[in-house]
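Everything on this sheet refers to the single structure shown next.
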Amino acid sequence: MHKIAEVCIIAGSDSIGGAGLQADLRVAALLGCSASNVVTCITAQDLKGVHAIQHLSGEIVSKQLACALSRKPKTVKIGMLGNSEIALAIYDILKDTGIPIVLDPVLISTSNSKLADEGAIEVLLRKLLSISYLVTPNLFEAGTLSGSKVFDSESAKIAASRILELGAKNVLVKGIHVKKGKIMDLLISQEGTTTEFQNEVIGVNITHGSGCRLSSAIACYMSIGKSLRESIHLASDLLRNEIARMKILYSTDT
Ligand code: PXL
């Protein structure tokens, strides 16, 4: 009998539930993982935007994380950080654990509100990237972290090499448009390999929380024991199935 896979989720709460901690916990439940979790911030948001954010203190974030780690997770997923106090509290505890970290560098919401302030970005750049096993930026996030504009696979590779220089072991740049109807995620690793993950584009209006779901699914599959590349493949399949199911459920002919 195998032990149930343990993952630790560090994320913000999303009041409409499609993204953030609620999305991560849904993915963990779908994959049969046990998910200890740490709330970093509480967001009050609806489909129009983020109306308020309450940042939790570094102290309560540290205490939650210490308790979550007592479950001995195989992987940790980090999402919304909010500010530098929270980001530092997380770094201080995780830096010596050696647990593989999947870091989704959440900067803004789908509705364009800031989810990480300048201080949090500084801690990302100076500290959290250096202890991350995988970082999963979209084009905008890859551009912000690397300081160079990212719009195609060449510029994605340049940005990824900058992020690798900051200490991340692997970078998955998401959402590169390759040709009509096709989208590509590019995995670039410290050992010099590049792997392309090409997918059909499906669903444009129901992407709230897709980044959260992809990175938490990768962390879950890794905690089950899958390799990095296999985890990315399986996580993209899961995400596509989720989006396709939503499209079927919510499409109307009227
Ligand atoms: O999808 C990024 C994200 C992460 N975390 C929280 C969010 C969002 C997007 O809205 O609300 C809490």
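Labels for the structure tokens follow display order: chains A, B, ..., residues from 1 in each chain, ligands from 1.
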Taking only residues of chain A that have an atom at most 7 Å from an atom of ligand 1, what is each one's shortest atom pair and its distance in Å to one decimal, using only C-alpha atoms and all ligand atoms, in chain and number order, as CSV?
```
residue,atom,partner,partner_atom_place_in_ligand_line,distance
A:Ala11,CA,ligand 1,5 (N),6.2
A:Gly12,CA,ligand 1,12 (C),3.9
A:Ser13,CA,ligand 1,12 (C),4.7
A:Asp14,CA,ligand 1,12 (C),4.5
A:Ala19,CA,ligand 1,8 (C),5.0
A:Gly20,CA,ligand 1,5 (N),3.5
A:Leu21,CA,ligand 1,12 (C),6.4
A:Thr43,CA,ligand 1,12 (C),6.1
A:Gly79,CA,ligand 1,4 (C),6.0
A:Met80,CA,ligand 1,5 (N),4.8
A:Val106,CA,ligand 1,2 (C),5.6
A:Ile108,CA,ligand 1,2 (C),6.7
A:Ser109,CA,ligand 1,10 (O),3.9
A:Thr110,CA,ligand 1,10 (O),5.3
A:Ser111,CA,ligand 1,10 (O),6.9
A:His208,CA,ligand 1,1 (O),6.0
A:Gly209,CA,ligand 1,1 (O),4.2
A:Ser210,CA,ligand 1,1 (O),6.5
A:Gly211,CA,ligand 1,1 (O),5.5
A:Cys212,CA,ligand 1,1 (O),5.4
```
Let's see if you can do this: from backbone DSSP, list all strand (DSSP E or B) residues in region 3-239 of chain A, as a CSV table (one decimal) with N, CA and C atoms, in the first residue's frame.
```
chain,number,residue,atom,x,y,z
A,6,GLU,N,1.9,13.7,-0.3
A,6,GLU,CA,1.7,15.0,0.5
A,6,GLU,C,2.3,16.1,-0.3
A,7,VAL,N,1.5,17.2,-0.5
A,7,VAL,CA,2.0,18.4,-1.1
A,7,VAL,C,1.7,19.6,-0.1
A,8,CYS,N,2.5,20.6,-0.2
A,8,CYS,CA,2.2,21.8,0.6
A,8,CYS,C,1.9,23.0,-0.3
A,9,ILE,N,0.8,23.6,-0.1
A,9,ILE,CA,0.4,24.7,-1.0
A,9,ILE,C,0.5,26.0,-0.2
A,10,ILE,N,1.2,27.0,-0.8
A,10,ILE,CA,1.3,28.3,-0.1
A,10,ILE,C,0.6,29.3,-1.1
A,11,ALA,N,-0.4,30.0,-0.7
A,11,ALA,CA,-1.2,30.8,-1.7
A,11,ALA,C,-2.1,31.8,-1.1
A,12,GLY,N,-2.7,32.7,-1.9
A,12,GLY,CA,-3.7,33.6,-1.4
A,12,GLY,C,-5.0,33.0,-1.6
A,13,SER,N,-6.0,33.5,-0.8
A,13,SER,CA,-7.4,33.1,-1.0
A,13,SER,C,-8.1,34.0,-2.0
A,14,ASP,N,-8.9,33.3,-2.9
A,14,ASP,CA,-9.6,34.0,-3.9
A,14,ASP,C,-11.1,33.9,-3.6
A,34,SER,N,-2.8,14.8,-0.5
A,34,SER,CA,-3.2,15.4,0.7
A,34,SER,C,-2.4,16.8,0.8
A,35,ALA,N,-3.1,17.9,1.0
A,35,ALA,CA,-2.5,19.2,0.8
A,35,ALA,C,-2.6,20.0,2.1
A,36,SER,N,-1.4,20.0,2.7
A,36,SER,CA,-1.3,21.0,3.8
A,36,SER,C,-1.2,22.4,3.2
A,37,ASN,N,-1.6,23.4,3.9
A,37,ASN,CA,-1.6,24.7,3.2
A,37,ASN,C,-1.4,25.9,4.1
A,38,VAL,N,-0.9,27.0,3.4
A,38,VAL,CA,-0.6,28.2,4.1
A,38,VAL,C,-1.2,29.4,3.4
A,39,VAL,N,-2.1,30.1,4.1
A,39,VAL,CA,-2.7,31.3,3.5
A,39,VAL,C,-1.8,32.5,3.6
A,40,THR,N,-1.5,33.2,2.5
A,40,THR,CA,-0.6,34.4,2.6
A,40,THR,C,-1.4,35.6,2.7
A,41,CYS,N,-2.5,35.7,1.9
A,41,CYS,CA,-3.3,36.9,1.8
A,41,CYS,C,-4.7,36.5,1.6
A,42,ILE,N,-5.7,37.4,2.0
A,42,ILE,CA,-7.1,37.2,1.6
A,42,ILE,C,-7.5,38.2,0.6
A,43,THR,N,-7.9,37.8,-0.5
A,43,THR,CA,-8.4,38.8,-1.5
A,43,THR,C,-9.9,38.8,-1.6
A,44,ALA,N,-10.4,40.0,-1.7
A,44,ALA,CA,-11.9,40.2,-1.9
A,44,ALA,C,-12.0,40.5,-3.4
A,45,GLN,N,-12.4,39.6,-4.2
A,45,GLN,CA,-12.5,39.9,-5.7
A,45,GLN,C,-13.7,39.2,-6.3
A,46,ASP,N,-14.1,39.8,-7.4
A,46,ASP,CA,-15.1,39.2,-8.2
A,46,ASP,C,-14.6,39.3,-9.7
A,49,GLY,N,-12.8,42.5,-10.7
A,49,GLY,CA,-11.5,42.9,-10.2
A,49,GLY,C,-11.3,42.6,-8.7
A,50,VAL,N,-10.1,42.9,-8.2
A,50,VAL,CA,-9.7,42.7,-6.8
A,50,VAL,C,-10.1,44.0,-6.1
A,51,HIS,N,-11.0,43.9,-5.1
A,51,HIS,CA,-11.5,45.1,-4.4
A,51,HIS,C,-10.7,45.4,-3.1
A,52,ALA,N,-10.2,44.3,-2.5
A,52,ALA,CA,-9.4,44.5,-1.3
A,52,ALA,C,-8.4,43.3,-1.1
A,53,ILE,N,-7.3,43.6,-0.5
A,53,ILE,CA,-6.4,42.5,-0.1
A,53,ILE,C,-6.0,42.7,1.3
A,54,GLN,N,-6.1,41.7,2.1
A,54,GLN,CA,-5.6,41.7,3.5
A,54,GLN,C,-4.3,40.8,3.5
A,55,HIS,N,-3.2,41.4,3.8
A,55,HIS,CA,-2.0,40.6,3.9
A,55,HIS,C,-1.9,40.0,5.3
A,75,THR,N,6.6,18.0,-2.1
A,75,THR,CA,6.9,19.2,-2.8
A,75,THR,C,6.1,20.4,-2.2
A,76,VAL,N,6.6,21.6,-2.5
A,76,VAL,CA,5.9,22.8,-2.1
A,76,VAL,C,5.5,23.6,-3.3
A,77,LYS,N,4.3,24.1,-3.3
A,77,LYS,CA,3.9,25.0,-4.4
A,77,LYS,C,3.7,26.4,-3.8
A,78,ILE,N,4.3,27.4,-4.4
A,78,ILE,CA,4.2,28.8,-3.9
A,78,ILE,C,3.4,29.6,-4.9
A,82,GLY,N,2.2,38.5,-2.1
A,82,GLY,CA,1.6,39.8,-1.5
A,82,GLY,C,2.7,40.8,-1.2
A,101,ILE,N,10.7,23.0,-4.7
A,101,ILE,CA,9.7,24.1,-4.7
A,101,ILE,C,9.2,24.4,-6.1
A,102,VAL,N,7.9,24.4,-6.4
A,102,VAL,CA,7.4,24.9,-7.6
A,102,VAL,C,6.8,26.3,-7.4
A,103,LEU,N,7.5,27.3,-8.0
A,103,LEU,CA,7.1,28.7,-7.7
A,103,LEU,C,6.4,29.3,-8.9
A,108,ILE,N,0.2,39.7,-11.1
A,108,ILE,CA,-1.1,40.4,-11.2
A,108,ILE,C,-2.2,39.4,-11.5
A,114,LYS,N,-2.6,44.2,-8.8
A,114,LYS,CA,-1.3,43.8,-8.3
A,114,LYS,C,-1.4,42.8,-7.2
A,116,ALA,N,1.5,41.1,-6.1
A,116,ALA,CA,2.8,41.1,-5.4
A,116,ALA,C,3.3,42.6,-5.5
A,134,LEU,N,11.4,24.6,-9.8
A,134,LEU,CA,10.8,25.0,-11.0
A,134,LEU,C,10.1,26.4,-10.8
A,135,VAL,N,10.2,27.3,-11.8
A,135,VAL,CA,9.5,28.5,-11.8
A,135,VAL,C,8.6,28.6,-13.0
A,138,ASN,N,4.4,33.3,-16.8
A,138,ASN,CA,3.8,33.6,-18.1
A,138,ASN,C,4.7,34.6,-18.8
A,170,ASN,N,14.9,25.1,-12.9
A,170,ASN,CA,14.2,24.9,-14.2
A,170,ASN,C,13.2,26.1,-14.3
A,171,VAL,N,13.0,26.5,-15.6
A,171,VAL,CA,12.0,27.6,-15.8
A,171,VAL,C,11.0,27.1,-16.9
A,172,LEU,N,9.7,27.2,-16.6
A,172,LEU,CA,8.7,26.9,-17.7
A,172,LEU,C,8.0,28.2,-18.0
A,173,VAL,N,8.4,28.7,-19.2
A,173,VAL,CA,7.7,29.9,-19.7
A,173,VAL,C,6.5,29.5,-20.5
A,174,LYS,N,5.3,30.1,-20.0
A,174,LYS,CA,4.0,29.6,-20.4
A,174,LYS,C,3.4,30.5,-21.4
A,175,GLY,N,2.7,30.0,-22.4
A,175,GLY,CA,1.8,30.8,-23.2
A,175,GLY,C,2.5,31.5,-24.4
A,176,ILE,N,3.4,30.8,-25.1
A,176,ILE,CA,4.1,31.4,-26.2
A,176,ILE,C,3.2,31.0,-27.5
A,177,HIS,N,2.7,32.0,-28.2
A,177,HIS,CA,1.9,31.7,-29.4
A,177,HIS,C,2.9,31.3,-30.5
A,178,VAL,N,2.7,30.1,-31.1
A,178,VAL,CA,3.6,29.7,-32.1
A,178,VAL,C,2.9,29.8,-33.5
A,179,LYS,N,1.7,29.3,-33.6
A,179,LYS,CA,1.0,29.6,-34.9
A,179,LYS,C,-0.5,29.6,-34.5
A,182,LYS,N,-2.3,27.3,-31.9
A,182,LYS,CA,-1.3,26.5,-31.1
A,182,LYS,C,-0.6,27.4,-30.1
A,183,ILE,N,-0.3,26.8,-29.0
A,183,ILE,CA,0.4,27.6,-27.9
A,183,ILE,C,1.4,26.7,-27.3
A,184,MET,N,2.5,27.3,-26.9
A,184,MET,CA,3.7,26.5,-26.4
A,184,MET,C,4.1,26.9,-25.1
A,185,ASP,N,4.5,26.0,-24.2
A,185,ASP,CA,5.2,26.2,-23.0
A,185,ASP,C,6.6,25.7,-23.2
A,186,LEU,N,7.6,26.5,-22.7
A,186,LEU,CA,9.0,26.1,-23.0
A,186,LEU,C,9.7,25.9,-21.7
A,187,LEU,N,10.2,24.7,-21.5
A,187,LEU,CA,11.0,24.3,-20.3
A,187,LEU,C,12.5,24.4,-20.5
A,188,ILE,N,13.1,25.3,-19.8
A,188,ILE,CA,14.6,25.5,-19.9
A,188,ILE,C,15.2,25.1,-18.6
A,189,SER,N,16.2,24.3,-18.7
A,189,SER,CA,16.8,23.7,-17.4
A,189,SER,C,18.2,24.2,-17.3
A,194,THR,N,16.3,22.1,-23.4
A,194,THR,CA,15.1,22.9,-23.7
A,194,THR,C,14.0,21.9,-24.2
A,195,THR,N,12.9,21.9,-23.6
A,195,THR,CA,11.8,21.0,-24.0
A,195,THR,C,10.6,21.8,-24.3
A,196,GLU,N,9.9,21.5,-25.5
A,196,GLU,CA,8.7,22.2,-25.9
A,196,GLU,C,7.5,21.4,-25.6
A,197,PHE,N,6.5,22.1,-25.0
A,197,PHE,CA,5.2,21.5,-24.8
A,197,PHE,C,4.2,22.2,-25.6
A,198,GLN,N,3.7,21.6,-26.7
A,198,GLN,CA,2.8,22.4,-27.6
A,198,GLN,C,1.4,21.9,-27.3
A,199,ASN,N,0.5,22.8,-27.3
A,199,ASN,CA,-0.9,22.5,-27.1
A,199,ASN,C,-1.8,23.3,-28.0
A,200,GLU,N,-3.1,22.7,-28.2
A,200,GLU,CA,-4.1,23.5,-28.9
A,200,GLU,C,-4.6,24.6,-28.0
```
Surrounding residues of His2 (chain A) excluding itself and chain neighbours under 5 positions, 12 Å, only C-alpha atoms, as a VMD selection string = chain A and resid 33 224 to 225
Same residues, N, CA and C atoms, saved as a JSON list (two decimals), in the first residue's frame:
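Contents of result30.json, freshly written:
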```json
[["chain", "number", "residue", "atom", "x", "y", "z"],
["A", 33, "CYS", "N", -4.18, 13.93, -3.72],
["A", 33, "CYS", "CA", -3.07, 14.30, -2.84],
["A", 33, "CYS", "C", -3.61, 14.90, -1.55],
["A", 224, "ILE", "N", 3.63, 12.76, -6.23],
["A", 224, "ILE", "CA", 3.22, 11.36, -6.46],
["A", 224, "ILE", "C", 4.43, 10.54, -6.94],
["A", 225, "GLY", "N", 5.46, 11.24, -7.46],
["A", 225, "GLY", "CA", 6.67, 10.54, -7.87],
["A", 225, "GLY", "C", 6.97, 10.62, -9.36]]
```
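Near region 88-97 of chain A, within 6 Å and counting only C-alpha atoms, sit Gly58, Ser62, Ser84 and Glu85 of chain A; same-chain residues fewer than 3 positions away were not included.
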request  = Name the residues in contact with Ile202 (chain A) at a cut-off of 8 Å, using only C-alpha atoms, excluding same-chain residues fewer than 4 positions from it; report them as a list in words.
outcome  = Arg240, Ile243 and Ala244 of chain A
ask   = Mind pulling up the distance from CA of Gly32 (chain A) to CA of His233 (chain A)?
value = 17.8 Å
